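Here the structure is laid out as structure tokens; the discussion comes afterwards.
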Amino acid sequence: MTTERPRWERPALAALLLGTAALLLWNLSASGYANSFYSAAVQAGSESWKAFFFGSSDAGNSITVDKPPAALWPMALSVRLFGLGSWQILLPQALMGVGTTAVLYASVRRQFGPGPALLSGTVFALTPVAALMFRFNNPDALLTLLLTVAVYCVLRALEGAATRWLVWAGVVLGLAFLTKTLQAFVILPPLAVLYAVCAPTRLRRRLGQLGLAGLAMVVAGGWWVAIVELWPASSRPYIGGSQTNSFLELTFGYNGLGRLNGNEPGSVRGMAVEAGGPGGYGFPDGYGPPGGYGAPAGRGGGGWGENGIDRLFSTGVGGQISWLLPAALMLLVAGLIVTWRARRATDSLEGMARAAFLAWGGALLITMVVFSWMQGIFHEYYTVALAPFVAALVGMGAAVLWEERHGLAAAATLAGTVALTAWWSYVLLGRSPDYLPWLRWTVLGAGLVAAAGLLAAGRLGRGLTLSAAALGLGAVLAGPLAYCLTTVNTGHTGSIVTAGPAVEGGMGGRGPRLVRAGEGPVQGQAQAPAPGQGRGQGRGPGQGQGQQAGGMPGGAPRMMPGGGPGGEAAGGPGGPMGGLLNGARVDAKVTALLQKDADRYTWAAATVGAQNAASHQLASKRPVMPIGGFNGSDPSPTMAQFQEYVRAGKIHYFVGGGEGTRGAGLTGSGSGEIAEWVAERYQAVEVGGVTLYDLTAPKA
């Protein structure tokens with residue numbers, strides 16, 4: 001364990017953390033409310049403690065988001081303290097990025113010293129998908145921080161078979177479960193096996209410690225689940241994303257095994273299969289995953305691109321995470337070979353170094369396997385969970401090989417790693433031919449020159465060797481740095497976002513590219529914090545929409561991922577109607593109507609689909625009921641419940657159009673029936689391009 005602190009360490013660490021903060025805070029408000037689905041839940045939690053606890057989409061507590069609420073809590077507290085706005089929502093996420101960098105630094109430094117720790121922190125901060133997700137309001141930011149802390153705690157426990165550190169690891173993984181359910185447990189098997197085999201104490205005690213850590217994990221993650229499951233369903237919000245109003249069903253179905261095997265009832269793909277749309281639900285032909293959400297693609301993948309070992313290097317995913325992924329894998333093997341002579345983890349410094357490689361490497365490999373072969377919903381930004389694992393291995397592996405650089409094998413491995421990384425950067429940069437075309441050749445040339453210098457490290461003087469190392473470091477980080485700078489200078493909104501410039505191909509490297517959320521203009525927060533979805537007009541339900549080409553069953557039009565009928569892809573210039581993957585522009589006239597006499601109602605409005613509801617809620621700052629949850633497919637509320645709400649005068653308006661009407665005719669969804677019932681009984685009024693129905697004024 002390295003304890004000596006050279007004079008330069010503290011200033012260097014301060015520079016790393018301040019630089020990370022500057023990168024993540026720069027132009028932070030450009031994304032407005034980012035993912036309005038979660039921002040609406042944050043706004044609701046800032047006004048209602050009940051909504052805060054359950055993670056409700058609205059302060060009226062009609063339905064929750066489709067994740068547990070831990071990731072929402074820091075943002076909701078920030079909004080409670082400082083008011084609603086882009087900075088208030090996204091600042092906690094950026095601080096989590098700085099915290100992850102600090103934890104990663106502390107972990108690597110304990111076995112390898114400040115130099116490798118600084119390298120690991122720098123690699124992490126300059127990972128494009130990290131620069132994206134720690135400036136965004138999805139749960140992945142908190143999840144990545146907690147997974148990093150968990151590995152750190154396990155390594156601290158290994159140093160002396162310390163029970164308290166292992167218990168803390170269990171607590172952290174329990175909190176990670178309350179952030180993104182079963183994804184928190186992906187790294188659990190290699191960490192548990194590592195401790196069971198390598199901890200410097202007798203086997204019986206090791207197993208007992210693991211049992212205590214498991215108990216701590218169950219308590220830390222299970223207390224909220226127990227309360228929710230025991231709470232009477234009639235007095236709590238519906239569990240969004242589930243089909244039976246059960247968080248356990250959500251955990252093991254849509255958010256659990258469904259992500260692995262592609263069997264996801266109520267999801268976008270599940271609705272596509274039920275609807276039988278040839279192009280996939282929500283996408284016109286030629287857009288979305290190859291074959292649409294309802295059909296398999298390539299070698300599999302459930303319509304979310306080809307799965308397989310090359311998925312993380314594919315066109316759509318590669319630029320997010322894979323810049324130094326080949327290097328991390330090479331350095332993992334090299335580090336294990338160099339440290340394999342060690343015995344138990346704490347018998348020697350070399351033994352702890354080996355344990356560190358096994359911990360970070362095991363976490364990387366098992367997460368890679370899951371991401372590569374999962375057949376359910378998969379988005380490029382999920383790969384942010386890999387970023388700290390890659391960064392740690394790069395820093396540790398480079399340190400081990402640098403110490404052995406006078407040997408031919410170590411020098412050749414170090415040189416080969418730099419050359420391979422430079423070539424891969426050249427390939428990744430080439431996927432955007434018009435993006436800094438000079439950079440790819442510069443990176444390749446500098447990387448090859450640096451590799452040649454490192455190969456001769458045993459014969460060169462210290463000065464030339466350090467120059468070659470510096471040149472190689474600059475070459476391998478230039479591409480990720482450029483992607484990060486592009487990312488932080490671009491606003492990102494909607495449910496599917498990617499870092500860096502647009503690339504040719506998409507969704508696993510096949511088919512036409514989806515326009516990235518964030519490529520369209522970001523609207524002012526007061527009325528439309530996120531780009532709208534399409535150019536279609538706010539047509540009311542059941543008003544001739546089924547006559548459009550490619551209509552869905554039940555008369556609902558087929559729409560692009562963030563578009564109204566005939567609209568544009570997510571993030572493009574939008575109209576007033578909500579979409580599946582993005583919010584909507586909200587006209588000031590609509591906002592004024594929703595705010596008028598809003599205190600007399602539980603919900604100022606209701607509409608089908610959470611993104612459309614979120615946009616109106618954020619604009620008006622009044623509760624808006626998202627009928628059917630995220631996809632409009634959840635059975636909440638039922639027709640009878642909705643009719644009772646209307647009779648009791650709890651809902652003022654129904655907002656027509658948008659994602660809502662396409663729920664009509666889909667098996668298991670009452671959203672379309674509710675929309676049709678409203679259209680039959682209440683007069684439609686066009687306001688600001690949106691069809692509104694005053695539910696307190698039925699037709700004569």
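In the structure tokens, each chain is lettered A, B, ... as it comes, each chain's residues begin at 1, and ligands are numbered from 1 in order of appearance.
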
Contacts of Ala157 (chain A) at 6 Å (only C-alpha atoms; same-chain gap of 5+ positions) as JSON, numbers by chain = {"A": [162, 165, 166]}

Nearest to Ala606 (chain A) among A:Pro189, A:Gly316, A:Gly629, A:Gly689, with distances taken over only C-alpha atoms: which residue is it?
->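 Of A:Pro189, A:Gly316, A:Gly629, A:Gly689, the one nearest Ala606 (chain A) is A:Gly629, counting only C-alpha atoms.
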
Determine, counting only C-alpha atoms, which protein, DNA and RNA residues have an atom within 8 Å of an atom of region 191-200 of chain A; residues of the same chain fewer than 3 positions away are not included. Present the result as a VMD selection string.
-> chain A and resid 151 154 157 to 161 187 to 188 203 206 to 207 210 344 to 347 355 358 to 359 362 to 363

May I have the residues within 8 Å of region 374-387 of chain A as a compact mmCIF listing (two decimals) with N, CA, C and O atoms, in the first residue's frame, using only C-alpha atoms and disregarding those fewer than 2 positions away in the same chain?
```txt
# COMPACT_ATOMS: atom_id res chain seq x y z
N PHE A 124 -10.78 8.14 -17.01
CA PHE A 124 -12.21 8.11 -16.71
C PHE A 124 -12.88 9.43 -17.09
O PHE A 124 -13.94 9.43 -17.73
N THR A 127 -13.58 9.79 -20.78
CA THR A 127 -14.39 8.80 -21.47
C THR A 127 -15.65 9.49 -21.98
O THR A 127 -16.40 10.05 -21.19
N VAL A 129 -18.69 8.70 -22.95
CA VAL A 129 -20.00 8.39 -22.38
C VAL A 129 -20.10 8.88 -20.93
O VAL A 129 -21.18 9.20 -20.44
N ALA A 130 -18.97 8.96 -20.22
CA ALA A 130 -18.98 9.52 -18.87
C ALA A 130 -19.22 11.02 -18.91
O ALA A 130 -19.98 11.57 -18.09
N MET A 133 -23.07 11.21 -19.47
CA MET A 133 -24.04 10.76 -18.48
C MET A 133 -23.90 11.45 -17.13
O MET A 133 -24.85 11.46 -16.35
N ASP A 140 -27.96 6.26 -14.44
CA ASP A 140 -26.66 5.63 -14.67
C ASP A 140 -25.51 6.37 -13.98
O ASP A 140 -24.48 5.76 -13.66
N ALA A 141 -25.65 7.67 -13.75
CA ALA A 141 -24.59 8.41 -13.08
C ALA A 141 -24.40 7.91 -11.65
O ALA A 141 -23.28 7.57 -11.23
N LEU A 143 -25.49 5.11 -10.40
CA LEU A 143 -25.12 3.69 -10.43
C LEU A 143 -23.62 3.53 -10.62
O LEU A 143 -22.97 2.74 -9.93
N THR A 144 -23.03 4.28 -11.55
CA THR A 144 -21.59 4.17 -11.82
C THR A 144 -20.78 4.57 -10.60
O THR A 144 -19.77 3.92 -10.27
N LEU A 147 -21.06 1.67 -8.02
CA LEU A 147 -20.29 0.49 -8.41
C LEU A 147 -18.80 0.72 -8.17
O LEU A 147 -18.08 -0.20 -7.75
N GLY A 258 -35.96 -9.74 -18.34
CA GLY A 258 -36.38 -9.27 -19.65
C GLY A 258 -35.28 -8.57 -20.41
O GLY A 258 -35.23 -8.61 -21.64
N ARG A 259 -34.39 -7.91 -19.68
CA ARG A 259 -33.26 -7.26 -20.35
C ARG A 259 -32.29 -8.28 -20.93
O ARG A 259 -31.58 -7.98 -21.89
N LEU A 260 -32.25 -9.47 -20.34
CA LEU A 260 -31.34 -10.49 -20.82
C LEU A 260 -31.93 -11.31 -21.96
O LEU A 260 -31.26 -11.55 -22.97
N ASN A 261 -33.18 -11.73 -21.82
CA ASN A 261 -33.76 -12.62 -22.82
C ASN A 261 -34.68 -11.91 -23.81
O ASN A 261 -35.20 -12.54 -24.73
N GLY A 262 -34.92 -10.63 -23.62
CA GLY A 262 -35.75 -9.88 -24.56
C GLY A 262 -37.24 -10.03 -24.34
O GLY A 262 -38.03 -9.44 -25.08
N ASN A 263 -37.66 -10.79 -23.33
CA ASN A 263 -39.08 -10.95 -23.04
C ASN A 263 -39.51 -9.84 -22.09
O ASN A 263 -39.39 -9.96 -20.88
N GLU A 264 -40.04 -8.75 -22.65
CA GLU A 264 -40.31 -7.54 -21.87
C GLU A 264 -41.74 -7.09 -22.08
O GLU A 264 -42.02 -6.16 -22.83
N GLY A 300 -29.09 -11.74 -33.34
CA GLY A 300 -29.93 -11.67 -32.15
C GLY A 300 -29.86 -10.27 -31.59
O GLY A 300 -29.30 -9.37 -32.17
N GLY A 301 -30.36 -10.09 -30.40
CA GLY A 301 -30.34 -8.80 -29.77
C GLY A 301 -31.72 -8.23 -29.60
O GLY A 301 -31.87 -7.11 -29.14
N GLY A 302 -32.75 -8.98 -29.94
CA GLY A 302 -34.11 -8.57 -29.67
C GLY A 302 -34.49 -7.27 -30.34
O GLY A 302 -35.34 -6.55 -29.87
N GLY A 303 -33.87 -6.92 -31.47
CA GLY A 303 -34.20 -5.69 -32.15
C GLY A 303 -33.38 -4.51 -31.67
O GLY A 303 -33.60 -3.39 -32.11
N TRP A 304 -32.41 -4.72 -30.78
CA TRP A 304 -31.59 -3.63 -30.27
C TRP A 304 -30.18 -3.73 -30.85
O TRP A 304 -29.20 -3.39 -30.19
N ASN A 307 -26.13 -8.61 -31.15
CA ASN A 307 -25.38 -8.86 -29.94
C ASN A 307 -24.22 -9.78 -30.26
O ASN A 307 -24.14 -10.38 -31.32
N GLY A 316 -22.39 2.13 -33.45
CA GLY A 316 -23.15 2.97 -32.54
C GLY A 316 -22.57 3.06 -31.15
O GLY A 316 -22.72 4.07 -30.47
N VAL A 317 -21.87 2.02 -30.70
CA VAL A 317 -21.41 1.95 -29.32
C VAL A 317 -19.93 2.29 -29.18
O VAL A 317 -19.50 2.84 -28.16
N GLN A 320 -18.52 5.54 -27.79
CA GLN A 320 -18.92 5.90 -26.44
C GLN A 320 -17.92 5.42 -25.39
O GLN A 320 -17.60 6.12 -24.45
N ILE A 321 -17.41 4.20 -25.55
CA ILE A 321 -16.66 3.57 -24.47
C ILE A 321 -15.39 2.86 -24.92
O ILE A 321 -14.48 2.66 -24.12
N LEU A 364 -15.08 -5.64 -15.07
CA LEU A 364 -15.12 -5.28 -16.49
C LEU A 364 -15.61 -6.44 -17.35
O LEU A 364 -16.52 -6.27 -18.18
N THR A 367 -19.39 -7.43 -16.88
CA THR A 367 -20.28 -6.40 -17.43
C THR A 367 -20.23 -6.40 -18.95
O THR A 367 -21.26 -6.23 -19.62
N MET A 368 -19.05 -6.61 -19.51
CA MET A 368 -18.93 -6.71 -20.97
C MET A 368 -19.75 -7.86 -21.51
O MET A 368 -20.44 -7.72 -22.53
N VAL A 370 -22.42 -9.31 -20.20
CA VAL A 370 -23.85 -9.02 -20.11
C VAL A 370 -24.27 -8.03 -21.18
O VAL A 370 -25.27 -8.24 -21.89
N PHE A 371 -23.54 -6.94 -21.34
CA PHE A 371 -23.90 -5.94 -22.35
C PHE A 371 -23.80 -6.51 -23.76
O PHE A 371 -24.57 -6.14 -24.64
N SER A 372 -22.83 -7.38 -23.98
CA SER A 372 -22.60 -7.88 -25.33
C SER A 372 -23.69 -8.84 -25.79
O SER A 372 -24.03 -8.88 -26.97
N PHE A 389 -14.02 0.84 -14.68
CA PHE A 389 -13.27 -0.41 -14.77
C PHE A 389 -12.16 -0.28 -15.81
O PHE A 389 -11.01 -0.68 -15.58
N VAL A 390 -12.50 0.28 -16.97
CA VAL A 390 -11.50 0.49 -18.02
C VAL A 390 -10.41 1.42 -17.52
O VAL A 390 -9.20 1.16 -17.69
N ALA A 391 -10.80 2.52 -16.89
CA ALA A 391 -9.83 3.51 -16.45
C ALA A 391 -8.87 2.94 -15.41
O ALA A 391 -7.65 3.19 -15.46
N ILE A 496 -32.89 8.66 -25.47
CA ILE A 496 -31.74 8.00 -26.09
C ILE A 496 -30.76 9.09 -26.48
O ILE A 496 -31.04 9.89 -27.37
N VAL A 497 -29.62 9.12 -25.83
CA VAL A 497 -28.60 10.14 -26.09
C VAL A 497 -27.26 9.45 -26.29
O VAL A 497 -27.00 8.38 -25.75
N THR A 498 -26.40 10.08 -27.08
CA THR A 498 -25.06 9.55 -27.30
C THR A 498 -24.05 10.68 -27.25
O THR A 498 -24.39 11.84 -27.50
```

Separation of CA of Gln641 (chain A) from CA of Thr696 (chain A) in Å =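 If I compute the distance from CA of Thr696 (chain A) to CA of Gln641 (chain A), I get 16.2 Å.
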
In terms of the shortest atom-to-atom distance over only C-alpha atoms, which of A:Glu403, A:Glu4, A:Asp597, A:Asp587 is closest to Val690 (chain A)?
-> A:Asp587

All residues 8 Å or closer to Asn138 (chain A), only C-alpha atoms, same chain fewer than 4 positions away omitted, as a ChimeraX atom specification | /A:35,38,71,133

Just the selected residues (N, CA and C atoms), exported as a CSV table (one decimal), in the first residue's frame, please.
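Result file selection15.csv:
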```
chain,number,residue,atom,x,y,z
A,35,ASN,N,-33.6,14.5,-19.8
A,35,ASN,CA,-34.6,13.5,-20.0
A,35,ASN,C,-35.9,14.0,-19.2
A,38,TYR,N,-37.5,11.9,-16.3
A,38,TYR,CA,-37.0,11.9,-14.9
A,38,TYR,C,-37.1,13.3,-14.3
A,71,ALA,N,-31.9,7.4,-7.5
A,71,ALA,CA,-31.3,8.4,-8.4
A,71,ALA,C,-32.0,9.7,-8.4
A,133,MET,N,-23.1,11.2,-19.5
A,133,MET,CA,-24.0,10.8,-18.5
A,133,MET,C,-23.9,11.4,-17.1
```

Could you work out how far CA of Ser57 (chain A) lies from CA of Ala610 (chain A), giving the answer in Å with one decimal?
->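 Separating CA of Ala610 (chain A) from CA of Ser57 (chain A) is a distance of 7.8 Å.
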